[in-house]
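The structure appears below as structure tokens.
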Amino acid sequence: LAISFFEGRKAYWDYQVRKMCEKDGGMKLYQRVPLPKRYLDAGGVIRIPSSNKADSNDLFSYSVETQKIKEGDLAVYRYHITVMRRSDSVLLGESVIYGRSGGDFPTFAYPSRFVCPENEGESQLINEIFMRNTIQ
């Protein structure tokens with residue numbers, strides 16, 4: 001009976017996360033830009049600084065705003081990721097992701113999670129905005 005409670009609660013919140021995701025989740029690209037070579041590391045990964053770590057010489061930055069929808073052993077969050085061009089404060093793209101963590105029957109295992117949409121975090125947004133075929 002106890003396991004049914006925990007699994008039912010997770011299913012309910014996963015359904016709510018899907019509904020919120022359908023409403024405003026996903027990635028929006030407003031402008032694609034050439035990739036400055038200095039933002040490409042030796043492994044070929046694009047490294048754009050977060051807005052709180054960017055310095056005056058950085059051309060771009062990203063930020064992640066986290067909104068708590070439900071707290072506790074079962075937590076639900078909304079993540080709003082934005083990538084900006086710093087010279088003129090133009091929004092290049094944004095992504096909204098919803099996620100549920102925990103709510104499992106108490107064990108020592110790592111909490112389960114559900115994320116919607118999958119694979120649309122800051123690295124995926126950055127990879128969509130910056131055009132690798134036009135490295136400057």
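Here's how to read the names in the structure tokens: chain A, B, ... by the order shown, residue numbers from 1 in each chain, ligand numbers from 1 in the order shown.
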Exercise. DSSP on the backbone: what in region 2-105 of chain A comes out helix (DSSP H, G or I), as a list in words?
Worked result: Ala2, Ile3, Ser4, Phe5, Phe6, Glu7, Gly8, Arg9, Lys10, Ala11, Tyr12, Trp13, Asp14, Tyr15, Gln16, Val17, Arg18, Lys19, Met20, Cys21, Glu22, Lys23, Asp24, Lys37, Arg38 and Tyr39 of chain A
For this session: Identify all residues of chain A in strand (DSSP E) (DSSP on the backbone) and supply them as an NGL selection string.
Result: :A and (26-29 or 33-34 or 60-70 or 74-85 or 90-102 or 113-116 or 130-131)
With a distance cut-off of 10 Å and only C-alpha atoms, select the neighbouring residues of region 48-63 of chain A, excluding the residue or stretch itself and same-chain residues fewer than 6 positions from it, and output the selection as a tab-separated table (two decimals) with all heavy atoms, in the first residue's frame.
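Generated output (out38.tsv):
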```
chain	number	residue	atom	x	y	z
A	36	PRO	N	32.80	32.34	-32.01
A	36	PRO	CA	34.17	32.84	-31.82
A	36	PRO	C	35.06	31.70	-31.34
A	36	PRO	O	34.70	30.95	-30.44
A	36	PRO	CB	34.01	33.91	-30.74
A	36	PRO	CG	32.57	34.32	-30.80
A	36	PRO	CD	31.84	33.06	-31.18
A	38	ARG	N	37.56	31.46	-29.51
A	38	ARG	CA	37.98	31.45	-28.10
A	38	ARG	C	36.98	30.73	-27.19
A	38	ARG	O	37.29	30.42	-26.05
A	38	ARG	CB	38.24	32.86	-27.59
A	38	ARG	CG	37.00	33.70	-27.46
A	38	ARG	CD	37.37	35.08	-26.97
A	38	ARG	NE	36.19	35.87	-26.69
A	38	ARG	CZ	36.22	37.10	-26.33
A	38	ARG	NH1	37.38	37.72	-26.19
A	38	ARG	NH2	35.11	37.75	-26.08
A	39	TYR	N	35.76	30.48	-27.69
A	39	TYR	CA	34.75	29.79	-26.89
A	39	TYR	C	34.70	28.29	-27.16
A	39	TYR	O	33.84	27.59	-26.64
A	39	TYR	CB	33.37	30.41	-27.10
A	39	TYR	CG	33.27	31.80	-26.54
A	39	TYR	CD1	33.14	32.89	-27.37
A	39	TYR	CD2	33.35	32.02	-25.18
A	39	TYR	CE1	33.07	34.17	-26.85
A	39	TYR	CE2	33.28	33.29	-24.65
A	39	TYR	CZ	33.14	34.36	-25.50
A	39	TYR	OH	33.08	35.64	-24.97
A	40	LEU	N	35.63	27.80	-27.97
A	40	LEU	CA	35.70	26.38	-28.29
A	40	LEU	C	36.91	25.79	-27.58
A	40	LEU	O	38.04	26.22	-27.80
A	40	LEU	CB	35.82	26.19	-29.80
A	40	LEU	CG	35.58	24.81	-30.37
A	40	LEU	CD1	34.15	24.34	-30.07
A	40	LEU	CD2	35.82	24.81	-31.86
A	79	TYR	N	12.97	25.50	-15.00
A	79	TYR	CA	14.26	26.12	-15.33
A	79	TYR	C	14.08	26.95	-16.60
A	79	TYR	O	13.61	26.44	-17.61
A	79	TYR	CB	15.33	25.05	-15.57
A	79	TYR	CG	15.50	24.11	-14.41
A	79	TYR	CD1	14.86	22.86	-14.40
A	79	TYR	CD2	16.29	24.43	-13.33
A	79	TYR	CE1	15.01	21.99	-13.34
A	79	TYR	CE2	16.45	23.57	-12.26
A	79	TYR	CZ	15.80	22.35	-12.28
A	79	TYR	OH	15.95	21.48	-11.22
A	80	HIS	N	14.48	28.21	-16.53
A	80	HIS	CA	14.42	29.10	-17.70
A	80	HIS	C	15.86	29.49	-18.04
A	80	HIS	O	16.53	30.18	-17.26
A	80	HIS	CB	13.58	30.34	-17.39
A	80	HIS	CG	13.44	31.25	-18.55
A	80	HIS	ND1	13.40	32.61	-18.42
A	80	HIS	CD2	13.32	31.00	-19.88
A	80	HIS	CE1	13.27	33.17	-19.60
A	80	HIS	NE2	13.22	32.20	-20.51
A	81	ILE	N	16.33	29.04	-19.18
A	81	ILE	CA	17.70	29.26	-19.61
A	81	ILE	C	17.70	30.28	-20.73
A	81	ILE	O	16.91	30.17	-21.68
A	81	ILE	CB	18.32	27.94	-20.12
A	81	ILE	CG1	18.22	26.87	-19.03
A	81	ILE	CG2	19.76	28.14	-20.56
A	81	ILE	CD1	18.28	25.46	-19.55
A	82	THR	N	18.56	31.29	-20.63
A	82	THR	CA	18.67	32.30	-21.67
A	82	THR	C	20.13	32.47	-22.08
A	82	THR	O	21.04	32.33	-21.26
A	82	THR	CB	18.12	33.67	-21.21
A	82	THR	OG1	18.81	34.08	-20.02
A	82	THR	CG2	16.63	33.59	-20.93
A	83	VAL	N	20.36	32.77	-23.36
A	83	VAL	CA	21.69	33.09	-23.88
A	83	VAL	C	21.60	34.49	-24.48
A	83	VAL	O	20.74	34.76	-25.32
A	83	VAL	CB	22.16	32.06	-24.93
A	83	VAL	CG1	23.51	32.47	-25.51
A	83	VAL	CG2	22.24	30.68	-24.32
A	84	MET	N	22.50	35.37	-24.01
A	84	MET	CA	22.48	36.77	-24.43
A	84	MET	C	23.78	37.15	-25.13
A	84	MET	O	24.84	36.64	-24.80
A	84	MET	CB	22.34	37.68	-23.20
A	84	MET	CG	21.15	37.43	-22.33
A	84	MET	SD	19.62	38.01	-23.03
A	84	MET	CE	19.81	39.75	-22.92
A	85	ARG	N	23.66	38.10	-26.06
A	85	ARG	CA	24.84	38.79	-26.59
A	85	ARG	C	25.02	40.00	-25.69
A	85	ARG	O	24.11	40.81	-25.53
A	85	ARG	CB	24.62	39.20	-28.04
A	85	ARG	CG	25.84	39.87	-28.63
A	85	ARG	CD	25.77	40.11	-30.12
A	85	ARG	NE	24.48	40.68	-30.50
A	85	ARG	CZ	23.75	40.25	-31.52
A	85	ARG	NH1	24.16	39.24	-32.25
A	85	ARG	NH2	22.61	40.82	-31.81
A	86	ARG	N	26.16	40.14	-25.08
A	86	ARG	CA	26.36	41.15	-24.04
A	86	ARG	C	26.51	42.57	-24.58
A	86	ARG	O	26.14	43.53	-23.91
A	86	ARG	CB	27.57	40.78	-23.19
A	86	ARG	CG	27.31	39.49	-22.40
A	86	ARG	CD	28.53	38.95	-21.72
A	86	ARG	NE	29.27	39.90	-20.93
A	86	ARG	CZ	29.03	40.18	-19.65
A	86	ARG	NH1	28.07	39.56	-19.02
A	86	ARG	NH2	29.78	41.06	-19.02
A	87	SER	N	26.98	42.73	-25.80
A	87	SER	CA	27.23	44.08	-26.33
A	87	SER	C	25.95	44.89	-26.49
A	87	SER	O	25.95	46.10	-26.28
A	87	SER	CB	27.95	44.00	-27.67
A	87	SER	OG	27.15	43.33	-28.63
A	88	ASP	N	24.84	44.22	-26.83
A	88	ASP	CA	23.58	44.95	-27.04
A	88	ASP	C	22.41	44.31	-26.30
A	88	ASP	O	21.26	44.66	-26.55
A	88	ASP	CB	23.28	45.05	-28.53
A	88	ASP	CG	23.26	43.70	-29.24
A	88	ASP	OD1	23.39	42.66	-28.56
A	88	ASP	OD2	23.11	43.69	-30.47
A	89	SER	N	22.70	43.37	-25.42
A	89	SER	CA	21.68	42.68	-24.60
A	89	SER	C	20.60	41.99	-25.43
A	89	SER	O	19.45	41.92	-25.02
A	89	SER	CB	21.04	43.65	-23.60
A	89	SER	OG	22.01	44.14	-22.72
A	90	VAL	N	20.99	41.49	-26.59
A	90	VAL	CA	20.03	40.77	-27.44
A	90	VAL	C	19.92	39.32	-26.97
A	90	VAL	O	20.92	38.65	-26.74
A	90	VAL	CB	20.47	40.82	-28.92
A	90	VAL	CG1	19.69	39.83	-29.77
A	90	VAL	CG2	20.30	42.23	-29.46
A	91	LEU	N	18.68	38.88	-26.82
A	91	LEU	CA	18.39	37.51	-26.45
A	91	LEU	C	18.53	36.63	-27.69
A	91	LEU	O	17.81	36.82	-28.67
A	91	LEU	CB	16.97	37.40	-25.88
A	91	LEU	CG	16.47	36.03	-25.47
A	91	LEU	CD1	17.33	35.46	-24.35
A	91	LEU	CD2	15.01	36.11	-25.04
A	92	LEU	N	19.48	35.70	-27.67
A	92	LEU	CA	19.74	34.84	-28.82
A	92	LEU	C	18.88	33.58	-28.81
A	92	LEU	O	18.56	33.04	-29.86
A	92	LEU	CB	21.22	34.45	-28.86
A	92	LEU	CG	22.21	35.62	-28.94
A	92	LEU	CD1	23.64	35.10	-28.86
A	92	LEU	CD2	21.99	36.43	-30.21
A	93	GLY	N	18.53	33.13	-27.62
A	93	GLY	CA	17.71	31.94	-27.50
A	93	GLY	C	17.36	31.68	-26.06
A	93	GLY	O	17.97	32.22	-25.14
A	94	GLU	N	16.31	30.86	-25.88
A	94	GLU	CA	15.90	30.51	-24.52
A	94	GLU	C	15.30	29.11	-24.53
A	94	GLU	O	14.86	28.61	-25.56
A	94	GLU	CB	14.92	31.52	-23.95
A	94	GLU	CG	13.61	31.63	-24.69
A	94	GLU	CD	12.71	32.73	-24.14
A	94	GLU	OE1	12.70	32.96	-22.92
A	94	GLU	OE2	12.02	33.36	-24.96
A	122	GLU	N	21.19	23.96	-21.07
A	122	GLU	CA	22.00	25.07	-21.57
A	122	GLU	C	23.00	24.65	-22.64
A	122	GLU	O	23.20	25.37	-23.61
A	122	GLU	CB	22.70	25.84	-20.44
A	122	GLU	CG	23.68	25.05	-19.62
A	122	GLU	CD	23.07	24.43	-18.38
A	122	GLU	OE1	21.86	24.49	-18.15
A	122	GLU	OE2	23.85	23.86	-17.61
A	123	SER	N	23.62	23.46	-22.51
A	123	SER	CA	24.59	23.06	-23.53
A	123	SER	C	23.91	22.81	-24.88
A	123	SER	O	24.46	23.16	-25.93
A	123	SER	CB	25.40	21.85	-23.09
A	123	SER	OG	24.57	20.76	-22.83
A	125	LEU	N	21.12	24.27	-25.94
A	125	LEU	CA	20.73	25.60	-26.45
A	125	LEU	C	21.94	26.30	-27.04
A	125	LEU	O	21.88	26.85	-28.15
A	125	LEU	CB	20.12	26.42	-25.32
A	125	LEU	CG	19.67	27.84	-25.67
A	125	LEU	CD1	18.61	27.84	-26.76
A	125	LEU	CD2	19.16	28.56	-24.42
A	126	ILE	N	23.06	26.28	-26.33
A	126	ILE	CA	24.29	26.92	-26.82
A	126	ILE	C	24.74	26.28	-28.13
A	126	ILE	O	25.12	26.99	-29.07
A	126	ILE	CB	25.38	26.84	-25.73
A	126	ILE	CG1	25.03	27.82	-24.60
A	126	ILE	CG2	26.77	27.11	-26.30
A	126	ILE	CD1	25.85	27.66	-23.34
```
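Counting only C-alpha atoms and comparing A:Val45, A:Val96, A:Ile129, A:Val115, the residue that lies closest to Gly26 (chain A) is A:Val96.
If you measure from each of A:Gly25, A:Pro34, A:Met20, A:Phe6 to Phe130 (chain A) using only C-alpha atoms, the closest one turns out to be A:Pro34.
Residues lying within 12 Å of Glu22 (chain A), counting only C-alpha atoms and ignoring same-chain neighbours fewer than 2 positions away, are A:Tyr15, A:Gln16, A:Val17, A:Arg18, A:Lys19, A:Met20, A:Asp24, A:Gly25, A:Gly26, A:Met27, A:Val96, A:Ile97, A:Tyr98, A:Cys116, A:Pro117.
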Got time to write the residues from that selection, C-alpha atoms, as a short mmCIF file (atom, residue, chain, number, x, y, z; two decimals), in the first residue's frame?
```
data_model
loop_
_atom_site.label_atom_id
_atom_site.label_comp_id
_atom_site.auth_asym_id
_atom_site.auth_seq_id
_atom_site.Cartn_x
_atom_site.Cartn_y
_atom_site.Cartn_z
CA TYR A 15 1.67 14.13 -15.51
CA GLN A 16 1.65 17.71 -14.15
CA VAL A 17 5.22 18.24 -15.41
CA ARG A 18 4.15 17.03 -18.89
CA LYS A 19 1.20 19.46 -18.90
CA MET A 20 3.39 22.41 -17.87
CA ASP A 24 5.53 26.63 -22.34
CA GLY A 25 8.41 24.13 -22.35
CA GLY A 26 10.99 23.80 -25.07
CA MET A 27 13.64 25.70 -26.93
CA VAL A 96 12.20 26.23 -20.55
CA ILE A 97 12.52 22.87 -18.83
CA TYR A 98 10.41 21.29 -16.10
CA CYS A 116 10.55 17.51 -19.91
CA PRO A 117 11.59 18.18 -22.59
#
```
For this session: Pick out the residues sitting within 12 Å of Gly44 (chain A), and hand them over as an MDAnalysis selection string; count only C-alpha atoms, and ignore anything fewer than 3 positions along from it in its own chain.
Result: chainID A and resid 35 37:41 47 127 132 135
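In this model, the gap between CA of Glu65 (chain A) and CA of Glu7 (chain A) comes to 28.9 Å.
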Excluding Lys68 (chain A) and any residue of its chain fewer than 6 positions from it, enumerate the residues within 8 Å of it, using only C-alpha atoms, and give them as a compact mmCIF listing (two decimals) with all heavy atoms, in the first residue's frame.
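The result, stored in part22.txt:
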```txt
# COMPACT_ATOMS: atom_id res chain seq x y z
N ALA A 75 10.21 17.05 -5.35
CA ALA A 75 10.37 18.45 -5.73
C ALA A 75 10.10 18.62 -7.22
O ALA A 75 10.44 17.75 -8.03
CB ALA A 75 11.78 18.93 -5.39
N VAL A 76 9.49 19.75 -7.58
CA VAL A 76 9.22 20.08 -8.98
C VAL A 76 9.76 21.48 -9.24
O VAL A 76 9.52 22.40 -8.45
CB VAL A 76 7.71 20.02 -9.30
CG1 VAL A 76 7.43 20.42 -10.74
CG2 VAL A 76 7.17 18.61 -9.02
N TYR A 77 10.51 21.62 -10.34
CA TYR A 77 11.15 22.88 -10.68
C TYR A 77 10.87 23.27 -12.12
O TYR A 77 10.63 22.42 -12.97
CB TYR A 77 12.66 22.78 -10.51
CG TYR A 77 13.10 22.54 -9.10
CD1 TYR A 77 13.33 21.25 -8.62
CD2 TYR A 77 13.31 23.60 -8.23
CE1 TYR A 77 13.74 21.03 -7.32
CE2 TYR A 77 13.72 23.40 -6.93
CZ TYR A 77 13.94 22.11 -6.48
OH TYR A 77 14.34 21.90 -5.19
N ARG A 78 10.98 24.58 -12.37
CA ARG A 78 10.95 25.14 -13.72
C ARG A 78 12.27 25.85 -13.93
O ARG A 78 12.68 26.68 -13.11
CB ARG A 78 9.81 26.14 -13.88
CG ARG A 78 9.74 26.79 -15.26
CD ARG A 78 8.65 27.86 -15.28
NE ARG A 78 8.40 28.38 -16.60
CZ ARG A 78 9.00 29.46 -17.11
NH1 ARG A 78 9.90 30.12 -16.40
NH2 ARG A 78 8.71 29.87 -18.33
```
For this session: Between A:Gly43, A:Tyr30, A:Leu74, A:Gln67, single out the one closest to Arg9 (chain A), counting only C-alpha atoms.
Result: A:Leu74
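Going from CA of Arg100 (chain A) over to CA of Lys28 (chain A), you cover 22.1 Å.
If only C-alpha atoms are the atoms counted, then among A:Arg32, A:Pro106, A:Ala42, A:Cys21 the closest residue to Glu120 (chain A) is A:Cys21.
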Exercise. In Å to one decimal, how far is CA of Glu118 (chain A) from CA of Val64 (chain A)?
Worked result: 16.2 Å
